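Asker: Structure below; questions to follow.
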Amino acid sequence: MKRRILIVFIFLTPNLFGQDVNLSGKVLDSATNKPVEGATVFVKEMNQTIFSDQKGRYFFALEKGKYQLQVYSLGSEMISQDVILRTDTVIDFYLQRLSKNLDEVEIASEKELTSGMTRMRSIEGFGIYAAKKNEVIVLDDFAANLVSNNARQVFAKIPGLNIWESDFAGLQLDIAARGLGPSRTANFNTRQNGYDMSADALGYPESYYMPALQAVERIEIVRGAASLQYGTQFGGMLNFKLKDAPEKPLELTLEQSVGSFGLVNSFVSVGGTKSKIDYYAYYQYRRGDGWRENSGFEAHTAFARLGYQASEKLKLGFEYSYLYYEAQQPGGLTDREFFEEDISLSNRSRNWFNVNWNLFAQTIDYSFSSMTQLNVRTFGLVSSRNALGNLEQIGVPDNPLENRTLIRDEFTNFGTEVRLIHRFKIKEMNSALVVGGRYYNGLTDKRQGDANNSDQPDFEFLNPNDVEEFDYDFPSRNHALFVENLIDLNSRISVTAGVRLEHIRTDADGFWKLNRTNFAGEPRPVLTFEDESSNSRTFPLFGVGGSYDLTENLSLYGNISQNFRSITFSDLRVVNPNFQLDSTITDENGYNADIGVRGTVGNWLNMDVSVFLMRYNDRIGLILKERSTTLLRTNIGNSRHFGLESFIEVSVWDLFKMKKPNSRLTLFSNLALTEATYIESVRLAILNRRVEYVPEVMWRAGINYRWKNFKATYQFSHLGQQFSDATNSTFNPNALTGLIPSYQVMDLSLEYRPGKFKFTTGVNNLTNEEYFTRRAEGYPGPGIIPATIRSFYFSAGYTF
């Protein structure tokens, strides 16, 4: 009976999945007619990739139909060809070598050699990236947990990133580099498709919104040298590039996922191209119970883009992004509770958080010629966030009869960025110029007062017209002009120089109240203080960089650029029993410098090894007040950050010249060694102390394996111990400050794509380590926020 079933299955399988025909041929060098080994041959409709063997040969078994093939190899132009398969077909491809430096090719020409991590070209889109330290994460190239936006896995190959793990669903992204604060990625200029997506780029640069990673094509990161073209932040620029519209009229993708602790993720996307119109949209629904008590959540994320090719020279685009999520927050833990008790327990049952995000954008791309293009991005934001609950120190029991505190921020802003890029030659050497400007107008309405004493998500003030703590409007305005020039001095050396002129005005208008009690604990009359202030400043930022090509695919690079960070609205007014604000707080400034070597060696090694120096003046941070457990937020001193950032990836089959058709095995190591110290301060308690949230060692390593349509990724992460405040205190009974011990964590992800199906599964925190990455002085704490214990996920999808 088993033999009969097997025979029936063998004969039925071809009928179920269609009759295959063979597509084969060779990839050859057009100049020499020699085979190209390791060239990538990609079938777009099937998302299927193979690599040519030593004789340049490739082979596919495909169903009959129409396909688009893309063939590329590092250092050669990409070939794209439509093929209609009715019978066995043989096609040879002849690759032409690229001209030097400034020619643009598809980013895919490098991505297959790097299993998900590559770099920006010298010129890409409307920006100059030569001599700047940058990375590009190509999400389709490796297996990772995109179901719950697992940043530890997605950013595994980016050296020097410190990642806070505050919730198991990835509702919020908290990353930073080089010793900057990870909170809501506020030290990066965060963007989606090239335009701002943060709450307020000047006064509140925190990112409550994050697109669904299942809809993201790649993530672009440019370090501190991005300050000239994209804004003044020390961390640089972080851009989520969403997927483009498919080239066929209609493509529908459905994906359903489940996971530990009641996780459910439903994702659907639709897109296509018809004549002059292209479109892409997605909707994602997520919910979960959470792994700790009182940590359930529900989230809705959506996006829609419509493009119109008005003429050969002009293209228009319209985009809308939406996010709404509501999450219960279990609060933090004390040191004793974390190290000696059950870390899934919760001390808060009445704390909630919600976000309502609406982001709009219009884009205009106009090509004057193949050498000169113009881009205009206009964007707007109408959004809000609400934090509700008890903010008292975590050791103080929550009294269910007391009113809760509600902090509401409402954001209304809009802006426009204009960029013109022009390519030209000077004595037969390539050059490029980017000129642009920015106008930005923001308004944040920030209020804090009493809400009811229930345990439900009732985000309403008891007295909305006269809140108990404060009510402020924070208008902001920003004008900027920038220019950056790339010049090739000869066939090996290029120089980049630029300047940005920045004008910033931030205002404050509102009132705050002083609520007092007498010695008997009885309330005294409330004092109300009106407050109005304005701060305007204009300043230039300069930067210069250069690169030297050691070989065709390996180069030295270096740069230095100035940075600036305006004081945020949270630095001006908040009422929190765990810390106080210094009324004389001022802006921060400094610079970033890099020097390194990057590129590829043969087909077996991809690398970017660099050293950096960052000077951060008037750094804002938290210190313990003398003879008190209360923290003070103030300018605490000048810090110096320097270290090594190293990424190395080895293709094992190519290294040992092993013939493994349709297979690829790579090993990667991402190492960051950082020394960050307060070198100047009037506060002796922090002089020569380590900067907070800076592990001296961050090492992530892993294995990427790929065989035909199967992918597997194993990852190991180690972070050394770090301090949570500038005084480097190791213990505080309220758990707001203290040591964050070193930890190690492992993850495993698998993906299989047979035809139009897609299956993914994985284990996060493989060995079930108990660790934490942050101590919170406010929401989602206060106290220790434990990272997620071991969890599983499974996903199944189909593309029509």
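In the structure tokens, chains take letters A, B, ... by order of appearance, with residues numbered from 1 within each chain and ligands from 1 in the order shown.
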For segment 514-520 of chain A, work out the shell of residues within 10 Å, counting only C-alpha atoms and skipping chain neighbours fewer than 3 positions away, then give it as JSON, numbers by chain.
Answerer: {"A": [468, 469, 470, 523, 524, 525, 526, 527, 528, 529]}
Asker: Could you pull the residues within 10 Å of Ala432 of chain A, counting only C-alpha atoms, minus those fewer than 2 positions along the same chain, as a ChimeraX atom specification?
Answerer: /A:102,122-123,127-128,371-372,421-425,430,434,484-488,496
Asker: May I have the residues within 12 Å of Met658 of chain A as a count of residues only, using only C-alpha atoms and disregarding those fewer than 6 positions away in the same chain?
Answerer: 9
Asker: Calculated over only C-alpha atoms, which of the candidates A:Lys133, A:Arg292, A:Lys315, A:Lys756 has the smallest distance to Ile785 of chain A?
Answerer: A:Arg292
Asker: Do a neighbour search on Leu554 of chain A at 7 Å with only C-alpha atoms, toss out local chain neighbours closer than 5 positions, and write the hits as a VMD selection string.
Answerer: chain A and resid 549 598 to 600
Asker: With only C-alpha atoms as the atoms that count, which of A:Leu736, A:Met237, A:Leu433, A:Ala176 lies nearest to Leu622 of chain A?
Answerer: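 That would be A:Leu736, the residue with the smallest distance to Leu622 of chain A.
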